[in-house]
Structures are given as C-alpha cells and as structure tokens.
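Please read the structure below before turning to the comments.
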Amino acid sequence: MKMNPLGRTGLTVSELCLGTMTFGRQTPEAEAHRQMDMALDAGINFIDCAEMYPVNPIEAATVGNSERVLGSWFEKTGRRGDYVLATKISGAGNMKIRDGEPISGDVIPKTVEASLRRLKTDYIDLYQLHWPNRGSYMFRQNWRYDPSGQDRAETLQHMADVLGAMQREVEKGRVRAFGLSNESTWGTAMWLKVSEEMGGPRVASVQNEYSLLCRLADTDLAELMVNEDVGLLPFSPLGAGLLTGKYQNGAVPDGSRMSVNGDLGGRKSERVFPAVQAYLDIAARFGVDPVHMALAWSARRPFVTSSIFGATQVEQLEHLLGAVDLNLGGDMLEAIDMAHKAHPMPY
C-alpha cells in the first residue's frame with residue numbers, strides 16, 4: 001500500500017481511506033468491525049467519519065452512530081493508534097444535526113467533545129469542516145451556486161474565530177490537524193491566508209467529490225493544492241456506485257444505494273449512463289476491472305493524498321482492495337482523458 005504525507009502535518013496515510021458513512025445503518029456493527037480489521041490487514045491506516053453519519057437517509061435518531069461504531073471497535077481492540085482517524089463537524093442548515101447550528105468558534109469545543117465521547121478516544125487526528133456555512137459548489141450545486149451575496153469581511157472573521165478555536169483544541173491535544181470538505185479554491189486560499197496571519201492550524205486537506213464522472217478539482221483547486229501542500233481526499237471515487245456498472249440498463253440491485261436514494265443525490269441523469277459506459281468500455285478494452293480502474297485513478301492523481309471509498313459489505317471491500325495492485329498505463333490514461341472530454345461533468 002502506497003503511503004502519502006497528509007499536508008504538512010507530519011502524518012502519513014495510505015493512498016486508500018476507509019469511508020464509514022454506512023456504518024450503523026446499511027452496515028451493521030459486527031460487519032463494520034470486520035471491515036476495519038480487513039482494511040488494516042490490507043495496509044490501510046486511514047479512516048474517515050463524520051458527526052452526521054450514517055446517511056441515506058440522515059435521521060436525527062441515528063446521527064453519530066457511525067462514530068459510535070468506530071468507538072466500540074477502538075474500545076474492543078485497543079488499536080486506536082493503528083488508524084489515522086478523521087471526522088467532521090457539520091455545517092449550517094441541516095435541522096437534523098444540532099438543529100441546523102452553523103460552524104463557529106463557540107460550537108467547536110462541544111462538537112469535538114461529543115465526537116471524542118462517541119469515538120471513545122481522547123484525540124482526533126484530522127478534524128474537518130463538513131461544508132462551509134456560506135454554501136458550496138458541491139452536491140450538484142455547481143450549476144446554480146451564486147456567491148454574490150457573501151460578505152468577505154464576515155467570512156474572514158468567521159475563519160479567524162474557527163481557527164482560534166481549532167488552535168485551542170490542538171493545544172489541548174484533542175485535535176492534531178485541521179481539514180476542509182466541500183470547499184472551493186477561494187475558500188481554501190482564504191483559510192490558508194488567515195492561518196498564516198494568525199498562526200492557527202494550517203489546512204492539511206480538502207475532502208471534495210472527485211471521480212471519473214466529477215473532475216471539478218482538476219481546474220483551479222489542483223494548482224492550489226500542489227503549490228500549497230494541501231492534499232485532496234476524494235469522496236465518491238466510484239460515482240456513488242455508478243462506475244461499477246451495476247446501474248446500467250435500468251438495473252437497481254436490492255440493497256444498493258439507488259434502492260434507498262433513488263437519484264443518488266442528483267447524480268442520476270440521462271447523460272451519466274453513456275459516460276459510465278465509456279469508462280466500462282475502456283476497462284474492458286484494457287482487460288481490467290472497472291472498479292479497480294476508477295479507484296486507482298482517483299488515488300494516483302498527483303494532488304490526491306488518499307481516496308475515500310466505502311463498502312456496505314465485507315465482500316465489496318475485498319473486491320475494492322484489488323485496486324492497490326493495478327497500474328494505470330499511459331495508453332489507458334489517455335483513453336480516460338478522451339472519455340472525459342466527450343462526457344464532461346455528466347451530472
């Protein structure tokens with residue numbers, strides 16, 4: 001398993017990261033614990049969670065259950081130190097999570113405390129802001145997101161307040177590093193600027209959607225990350241399962257994400273299935289598994305630190321781990337870029 005530095009934190013993480021958004025709902029606790037064991041055995045030392053998980057759907061009664069599942073494994077095994085642990089504080093607006101309370105310097109101490117309690121640990125390696133209070137281009141909002149109503153001074157003051165709170169958590173030893181999620185290039189640049197000016201923790205990573213079907217990060221964000229030592233942590237590298245091919249020709253397998261979330265969070269569209277077929281055809285032409293191709297591609301991009309994947313079942317995890325051994329040759333990468341040119345942003 002290839003290992004990569006996590007920004008300038010001094011932490012080193014595996015090129016694949018075990019995502020846990022199904023833990024405690026679609027993935028029962030015992031199955032989740034088996035996945036955590038299997039991932040470590042395969043060389044994965046990075047695991048990602050969030051206070052809002054599990055999802056699909058989000059329910060007030062289950063918020064925090066994924067962290068609880070991780071905590072029970074840490075308590076049972078005593079192997080907390082074997083994982084670099086990432087989790088997130090939710091942004092403003094979702095009334096099922098802290099009654100829609102926005103991220104602020106005042107709220108961070110209590111959300112860190114709550115996550116630590118559920119995780120049964122005394123420190124979080126990477127604490128991330130799940131999405132900005134001001135909104136985001138992510139989640140298919142890139143087609144109509146309008147930042148013109150933002151107040152720059154207010155945003156920068158918010159960043160300073162949050163970084164101050166984060167620095168106090170670092171000093172207490174409860175947080176080791178700070179990251180963003182669903183953030184823009186400008187937003188990331190401003191977090192870096194404010195951190196440099198006030199001496200707060202520096203952005204280590206940005207967790208945004210990134211896959212063969214969603215390559216927004218290839219534009220301005222990639223340049224910022226390369227030059228500023230900020231790593232991309234792609235989520236949904238398999239396009240919410242679309243790139244497996246299991247939804248082609250109208251198929252909706254029982255227990256699949258589409259069976260519980262019909263439009264895959266806005267990813268299902270008339271244009272996406274021909275795009276998926278183009279990538280399936282490339283995999284067939286080169287004699288590789290399309291799942292391995294998609295996951296290896298996302299993990300090996302020059303600005304990516306670790307690609308976050310999830311598996312509902314142990315058997316799926318076992319299959320996904322085959323991506324570690326796949327080498328993507330120049331001809332395959334050229335074919336992938338040509339497919340992207342023919343099918344840009346199909347959702």
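Each chain in the structure tokens gets a letter, A, B, ..., in the order shown, and its residues are numbered from 1; ligands are numbered from 1 in order too.
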
Subject >> Close residues, His33 (chain A) itself excluded, 8 Å, only C-alpha atoms, min 3 positions apart in chain, as JSON, numbers by chain >> reply: {"A": [29, 30, 36, 37, 69, 70, 73]}

**OP:** Do a neighbour search on region 139-141 of chain A at 8 Å with only C-alpha atoms, toss out local chain neighbours closer than 4 positions, and write the hits as JSON, numbers by chain.
**Re:** {"A": [145, 265, 266, 267, 347]}

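With CA of Arg271 (chain A) on one side and CA of Arg300 (chain A) on the other, the separation reads 26.1 Å.
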
**OP:** Could you give me, as a ChimeraX atom specification, the residues within 6 Å of region 303-315 of chain A, counting only C-alpha atoms and dropping anything in the same chain fewer than 3 positions from it?
**Re:** /A:4,15-19,27,35,226,231-235,299,318

Print the selection's residues with N, CA, C and O atoms to a file, as a PDB file, in the first residue's frame.
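And here is the file that came out, out-v4.pdb:
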ATOM      1  N   ASN A   4       1.276   8.306   1.738  1.00  0.00           N
ATOM      2  CA  ASN A   4       1.466   9.698   1.335  1.00  0.00           C
ATOM      3  C   ASN A   4       1.434  10.618   2.552  1.00  0.00           C
ATOM      4  O   ASN A   4       0.725  10.343   3.527  1.00  0.00           O
ATOM      5  N   GLU A  15      -2.854   5.439   0.590  1.00  0.00           N
ATOM      6  CA  GLU A  15      -3.477   6.061  -0.576  1.00  0.00           C
ATOM      7  C   GLU A  15      -4.970   5.743  -0.679  1.00  0.00           C
ATOM      8  O   GLU A  15      -5.680   6.387  -1.447  1.00  0.00           O
ATOM      9  N   LEU A  16      -5.438   4.765   0.081  1.00  0.00           N
ATOM     10  CA  LEU A  16      -6.865   4.464   0.188  1.00  0.00           C
ATOM     11  C   LEU A  16      -7.301   4.695   1.628  1.00  0.00           C
ATOM     12  O   LEU A  16      -6.572   4.395   2.573  1.00  0.00           O
ATOM     13  N   CYS A  17      -8.514   5.230   1.774  1.00  0.00           N
ATOM     14  CA  CYS A  17      -9.073   5.553   3.083  1.00  0.00           C
ATOM     15  C   CYS A  17     -10.427   4.868   3.209  1.00  0.00           C
ATOM     16  O   CYS A  17     -11.256   4.940   2.292  1.00  0.00           O
ATOM     17  N   LEU A  18     -10.674   4.226   4.329  1.00  0.00           N
ATOM     18  CA  LEU A  18     -11.940   3.541   4.547  1.00  0.00           C
ATOM     19  C   LEU A  18     -13.006   4.535   4.987  1.00  0.00           C
ATOM     20  O   LEU A  18     -12.904   5.148   6.045  1.00  0.00           O
ATOM     21  N   GLY A  19     -14.024   4.721   4.151  1.00  0.00           N
ATOM     22  CA  GLY A  19     -15.157   5.575   4.481  1.00  0.00           C
ATOM     23  C   GLY A  19     -16.201   4.809   5.272  1.00  0.00           C
ATOM     24  O   GLY A  19     -16.371   3.602   5.100  1.00  0.00           O
ATOM     25  N   THR A  27     -24.603  -0.960   7.093  1.00  0.00           N
ATOM     26  CA  THR A  27     -23.548  -1.866   7.550  1.00  0.00           C
ATOM     27  C   THR A  27     -23.663  -2.034   9.060  1.00  0.00           C
ATOM     28  O   THR A  27     -23.337  -1.115   9.818  1.00  0.00           O
ATOM     29  N   GLN A  35     -14.773  -5.017   8.625  1.00  0.00           N
ATOM     30  CA  GLN A  35     -14.150  -4.166   7.605  1.00  0.00           C
ATOM     31  C   GLN A  35     -12.945  -3.432   8.175  1.00  0.00           C
ATOM     32  O   GLN A  35     -11.910  -3.304   7.498  1.00  0.00           O
ATOM     33  N   VAL A 226      -1.282  21.580  -5.159  1.00  0.00           N
ATOM     34  CA  VAL A 226       0.103  21.224  -5.475  1.00  0.00           C
ATOM     35  C   VAL A 226       1.073  22.254  -4.914  1.00  0.00           C
ATOM     36  O   VAL A 226       2.110  21.915  -4.331  1.00  0.00           O
ATOM     37  N   GLY A 231      -3.612  18.354   0.492  1.00  0.00           N
ATOM     38  CA  GLY A 231      -3.972  17.147  -0.238  1.00  0.00           C
ATOM     39  C   GLY A 231      -5.462  17.027  -0.479  1.00  0.00           C
ATOM     40  O   GLY A 231      -6.277  17.397   0.374  1.00  0.00           O
ATOM     41  N   LEU A 232      -5.826  16.518  -1.643  1.00  0.00           N
ATOM     42  CA  LEU A 232      -7.227  16.214  -1.918  1.00  0.00           C
ATOM     43  C   LEU A 232      -7.559  14.833  -1.361  1.00  0.00           C
ATOM     44  O   LEU A 232      -6.808  13.876  -1.539  1.00  0.00           O
ATOM     45  N   LEU A 233      -8.693  14.749  -0.681  1.00  0.00           N
ATOM     46  CA  LEU A 233      -9.238  13.478  -0.210  1.00  0.00           C
ATOM     47  C   LEU A 233     -10.539  13.244  -0.977  1.00  0.00           C
ATOM     48  O   LEU A 233     -11.604  13.705  -0.548  1.00  0.00           O
ATOM     49  N   PRO A 234     -10.489  12.567  -2.121  1.00  0.00           N
ATOM     50  CA  PRO A 234     -11.708  12.382  -2.906  1.00  0.00           C
ATOM     51  C   PRO A 234     -12.730  11.523  -2.172  1.00  0.00           C
ATOM     52  O   PRO A 234     -12.391  10.474  -1.611  1.00  0.00           O
ATOM     53  N   PHE A 235     -13.996  11.980  -2.181  1.00  0.00           N
ATOM     54  CA  PHE A 235     -15.061  11.071  -1.785  1.00  0.00           C
ATOM     55  C   PHE A 235     -15.891  10.718  -3.020  1.00  0.00           C
ATOM     56  O   PHE A 235     -15.836  11.396  -4.028  1.00  0.00           O
ATOM     57  N   ALA A 299      -6.981   7.654  -6.772  1.00  0.00           N
ATOM     58  CA  ALA A 299      -5.955   7.645  -5.725  1.00  0.00           C
ATOM     59  C   ALA A 299      -4.586   8.082  -6.223  1.00  0.00           C
ATOM     60  O   ALA A 299      -3.760   8.538  -5.428  1.00  0.00           O
ATOM     61  N   GLU A 318     -13.431  -6.444  -0.006  1.00  0.00           N
ATOM     62  CA  GLU A 318     -12.425  -7.357  -0.538  1.00  0.00           C
ATOM     63  C   GLU A 318     -12.198  -7.117  -2.030  1.00  0.00           C
ATOM     64  O   GLU A 318     -11.064  -7.117  -2.507  1.00  0.00           O
TER      65      GLU A 318
END

Original post:
Pick from A:Ser181, A:Thr188, A:Thr121, A:Asn133: nearest to Asn94 (chain A), with only C-alpha atoms counted?
Top reply: A:Asn133
